[in-house]
Structure formats: C-alpha cells, structure tokens
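A short worksheet on the structure shown next.
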Amino acid sequence: MDLGIAGLRVVVTAGAAGIGRGIVDAFVEEGARVFACDIDAEALAALPDTVGRSRTDVADRDAVAAMMDQAVEFLGGLDVLVNNAGIAGPTGRVEEITPEDWDRCLTVCLTSQFNCARLAVPHLRQSANASIVNLSSAAGKFGFALRSPYAAAKWGVIGFTKSLAIELGGAGIRVNAILPGLVAGDRQRRVLESKAQQQGTSFADMEARAFSFVSVKEYVTARQLADQILLLCSPRGRTISGQAISIDGDTRMLS
C-alpha cells in the first residue's frame with residue numbers, strides 16, 4: 001500500500017536499536033528522509049547511509065537543541081517527530097527507589113518528549129503534513145506494581161499528548177500516543193528478569209504471569225508498532241489526533 005509519505009522529513013529519538021530502529025527502517029522503506037538520534041554510538045554507526053544521525057542524550061536540553069538544529073539542516077525542514085526514547089527505570093517497592101532513579105526515569109521517559117517537542121513545533125508549523133507520535137506504554141493505562149516511576153512517566157506522556165493535540169490542532173499538527181504492550185526484544189526480557197528476581201520467581205513464571213493479563217498471547221513486534229506510526233503520519237491519518245492507541249494484544253491490567 002502506498003501511504004504517500006515518500007520524502008517525508010522525520011526525526012526519531014532512540015532510533016538506532018530496538019523499537020526505534022524498527023521505526024527508522026519502516027520510514028526508510030516508504031521513501032521518507034530520516035534523522036535518528038541515540039546514545040549508542042555503535043548502533044548509530046550501523047544505520048543505513050541515507051539516515052542522518054546524532055549521538056544525543058535526550059535528557060540533556062543543550063544536546064537536544066544541537067541535535068534538532070542538525071536534523072532540520074540535514075532534512076531541510078521537519079514533518080514528523082517520533083518521541084521514542086525511554087528507559088525501563090528501576091524495579092522495586094516505592095520505599096526502595098532512590099530519588100535519583102525516579103528523576104532519571106521521568107526525565108528520559110517524559111521530560112525528553114517536551115525537550116524535543118518544544119523545538120520541533122516551530123518547524124512542524126511550516127509543514128503541510130505535520131505530526132508528533134509519542135511512545136507511551138500499556139503501563140500508561142494501568143498501575144504497575146514495582147515500577148511506579150515508569151508507569152507515572154507513561155501516564156504523563158498520554159496527558160502531554162492529549163494536551164498538545166488540542167493546542168496544535170488549529171495549526172494542522174496532529175499528536176498521538178502509541179501504547180505498546182509486551183514487545184519482543186532484549187529490553188522486555190530484562191524487565192521480566194528484574195521483576196522475577198524481585199519477586200523470587202523464575203523468568204518463565206514471570207513471563208506466564210505477564211501474558212495471563214493479555215488476551216492475545218503474543219509479543220508485539222517493533223514492525224507492528226512502526227506500521228501504526230506510518231499510518232498516523234501519512235495523509236491517510238490526517239484526521240487522527242489526540243489518541244492513545246494501544247498495540248498490546250488487549251492488555252487488561254499489569255502486575
């Protein structure tokens with residue numbers, strides 16, 4: 001299906017590996033022009049030659065400003081911002097979580113989206129097909145025992161998304177959030193391993209428990225997330241804004 005996004009100018013944060021790399025690859029396949037930032041220099045070096053890149057910590061406002069200037073110059077403007085960067089954050093009871101770990105999780109998972117959006121919007125206002133996609137999580141709908149910083153940040157992403165959609169709709173900029181569930185990959189494995197260790201059980205038992213709250217008992221893939229994002233950013237998605245779209249196999253709760 002031709003989504004009509006050839007030539008679209010796209011910035012993807014944390015775009016060198018995992019979900020971000022899947023998003024970058026999907027846009028490139030559709031003929032979009034892509035710029036990715038990441039903290040992993042080795043992963044950045046493995047991106048296709050046509051993709052612009054910058055080693056950037058999105059929690060660092062000065063670094064984000066430099067990255068955005070570089071991206072806009074490389075792309076010749078901006079049509080799409082995909083705020084993908086995030087970390088799992090600490091696993092533990094609230095009294096065990098350090099303020100430093102709490103602050104870092106909220107900064108990377110939530111404040112970084114503000115850091116990028118505030119600089120992207122003036123450029124997006126000049127686009128004929130402008131959109132922002134923020135990565136939230138199924139944890140943005142449910143409380144998540146032993147991962148309160150992550151859940152708090154991802155709930156915040158949804159509030160940020162809906163507020164921006166109202167604020168920017170008149171300028172023709174649509175803003176949506178994607179809420180992945182259990183995503184195949186090393187990061188999901190590390191999260192389940194950490195929770196298994198915290199609760200004194202095995203990885204297999206923790207994985208089975210996680211899937212007990214999901215109707216479709218399959219891991220979500222990065223490509224499935226990317227395909228939804230492509231649709232939202234295409235002309236076919238011009239009237240979709242302010243939505244928190246779950247791609248999670250019908251997760252009912254988290255624990």
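Just remember, in the structure tokens the first chain shown is A, the second B, etc., residues are 1-based per chain, and ligands are 1-based in the order shown.
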
- DSSP-assigned helix (DSSP H, G or I) among region 36-156 of chain A, expressed as a PyMOL selection string: chain A and resi 41-45+61-75+94-96+99-124+138-140+148-156

- Long-range neighbours of region 11-27 of chain A as a PyMOL selection string, 8 Å cut-off, only C-alpha atoms, 6 positions minimum in chain: chain A and resi 33-40+43-44+46-47+58+71+78+80-86+185+222-223+225-227+229-230

Could you give me, as an mmCIF file with N, CA and C atoms, in the first residue's frame, the residues within 6 Å of Val133 (chain A), counting only C-alpha atoms and dropping anything in the same chain fewer than 6 positions from it?
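Saved file out26.cif follows:
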data_model
loop_
_atom_site.group_PDB
_atom_site.id
_atom_site.type_symbol
_atom_site.label_atom_id
_atom_site.label_comp_id
_atom_site.auth_asym_id
_atom_site.auth_seq_id
_atom_site.Cartn_x
_atom_site.Cartn_y
_atom_site.Cartn_z
ATOM 1 N N VAL A 82 9.044 11.609 16.090
ATOM 2 C CA VAL A 82 8.671 10.401 16.833
ATOM 3 C C VAL A 82 9.485 10.393 18.121
ATOM 4 N N VAL A 175 -1.236 15.023 16.965
ATOM 5 C CA VAL A 175 -0.378 14.445 18.007
ATOM 6 C C VAL A 175 -1.069 13.216 18.578
ATOM 7 N N ASN A 176 -0.369 12.090 18.549
ATOM 8 C CA ASN A 176 -0.926 10.844 19.055
ATOM 9 C C ASN A 176 0.103 10.100 19.891
ATOM 10 N N ALA A 177 -0.383 9.187 20.695
ATOM 11 C CA ALA A 177 0.483 8.330 21.509
ATOM 12 C C ALA A 177 0.252 6.876 21.122
#

May I have the residues within 10 Å of Gln70 (chain A) as a PDB file with N, CA and C atoms, in the first residue's frame, using only C-alpha atoms and disregarding those fewer than 4 positions away in the same chain?
ATOM      1  N   PHE A  35      16.154  11.183  10.184  1.00  0.00           N
ATOM      2  CA  PHE A  35      17.275  11.537  11.056  1.00  0.00           C
ATOM      3  C   PHE A  35      17.018  10.882  12.401  1.00  0.00           C
ATOM      4  N   GLY A  52      20.391  10.330   8.590  1.00  0.00           N
ATOM      5  CA  GLY A  52      21.177  11.246   9.396  1.00  0.00           C
ATOM      6  C   GLY A  52      21.213  10.773  10.832  1.00  0.00           C
ATOM      7  N   ARG A  53      22.227  11.191  11.567  1.00  0.00           N
ATOM      8  CA  ARG A  53      22.353  10.648  12.924  1.00  0.00           C
ATOM      9  C   ARG A  53      23.110  11.594  13.838  1.00  0.00           C
ATOM     10  N   SER A  54      22.826  11.451  15.123  1.00  0.00           N
ATOM     11  CA  SER A  54      23.496  12.247  16.141  1.00  0.00           C
ATOM     12  C   SER A  54      23.504  11.463  17.450  1.00  0.00           C
ATOM     13  N   VAL A  64      19.904  18.239  22.989  1.00  0.00           N
ATOM     14  CA  VAL A  64      18.712  18.134  22.150  1.00  0.00           C
ATOM     15  C   VAL A  64      18.626  19.320  21.195  1.00  0.00           C
ATOM     16  N   ALA A  65      18.943  20.515  21.686  1.00  0.00           N
ATOM     17  CA  ALA A  65      18.903  21.701  20.823  1.00  0.00           C
ATOM     18  C   ALA A  65      19.885  21.568  19.668  1.00  0.00           C
ATOM     19  N   ALA A  66      21.081  21.084  19.966  1.00  0.00           N
ATOM     20  CA  ALA A  66      22.076  20.887  18.909  1.00  0.00           C
ATOM     21  C   ALA A  66      21.622  19.814  17.928  1.00  0.00           C
ATOM     22  N   PHE A  74      19.858  18.832   8.033  1.00  0.00           N
ATOM     23  CA  PHE A  74      20.045  17.629   7.222  1.00  0.00           C
ATOM     24  C   PHE A  74      18.803  17.334   6.388  1.00  0.00           C
ATOM     25  N   LEU A  75      17.624  17.485   6.997  1.00  0.00           N
ATOM     26  CA  LEU A  75      16.377  17.123   6.332  1.00  0.00           C
ATOM     27  C   LEU A  75      15.810  18.246   5.466  1.00  0.00           C
ATOM     28  N   GLY A  76      16.244  19.473   5.732  1.00  0.00           N
ATOM     29  CA  GLY A  76      15.673  20.601   5.010  1.00  0.00           C
ATOM     30  C   GLY A  76      14.310  21.004   5.516  1.00  0.00           C
TER      31      GLY A  76
END

- Message: I'd like to know which residues of region 1-209 of chain A are strand (DSSP E or B) (by DSSP, run on the backbone); could you write them as number ranges by chain?
- Response: A: 9-13, 33-38, 52-55, 80-83, 130-135, 173-180, 183

- From the set A:Ala153, A:Met68, A:Ala145, A:Cys116, which residue has the shortest atom-to-atom contact distance to Asp103 (chain A), counting only C-alpha atoms? A:Ala153
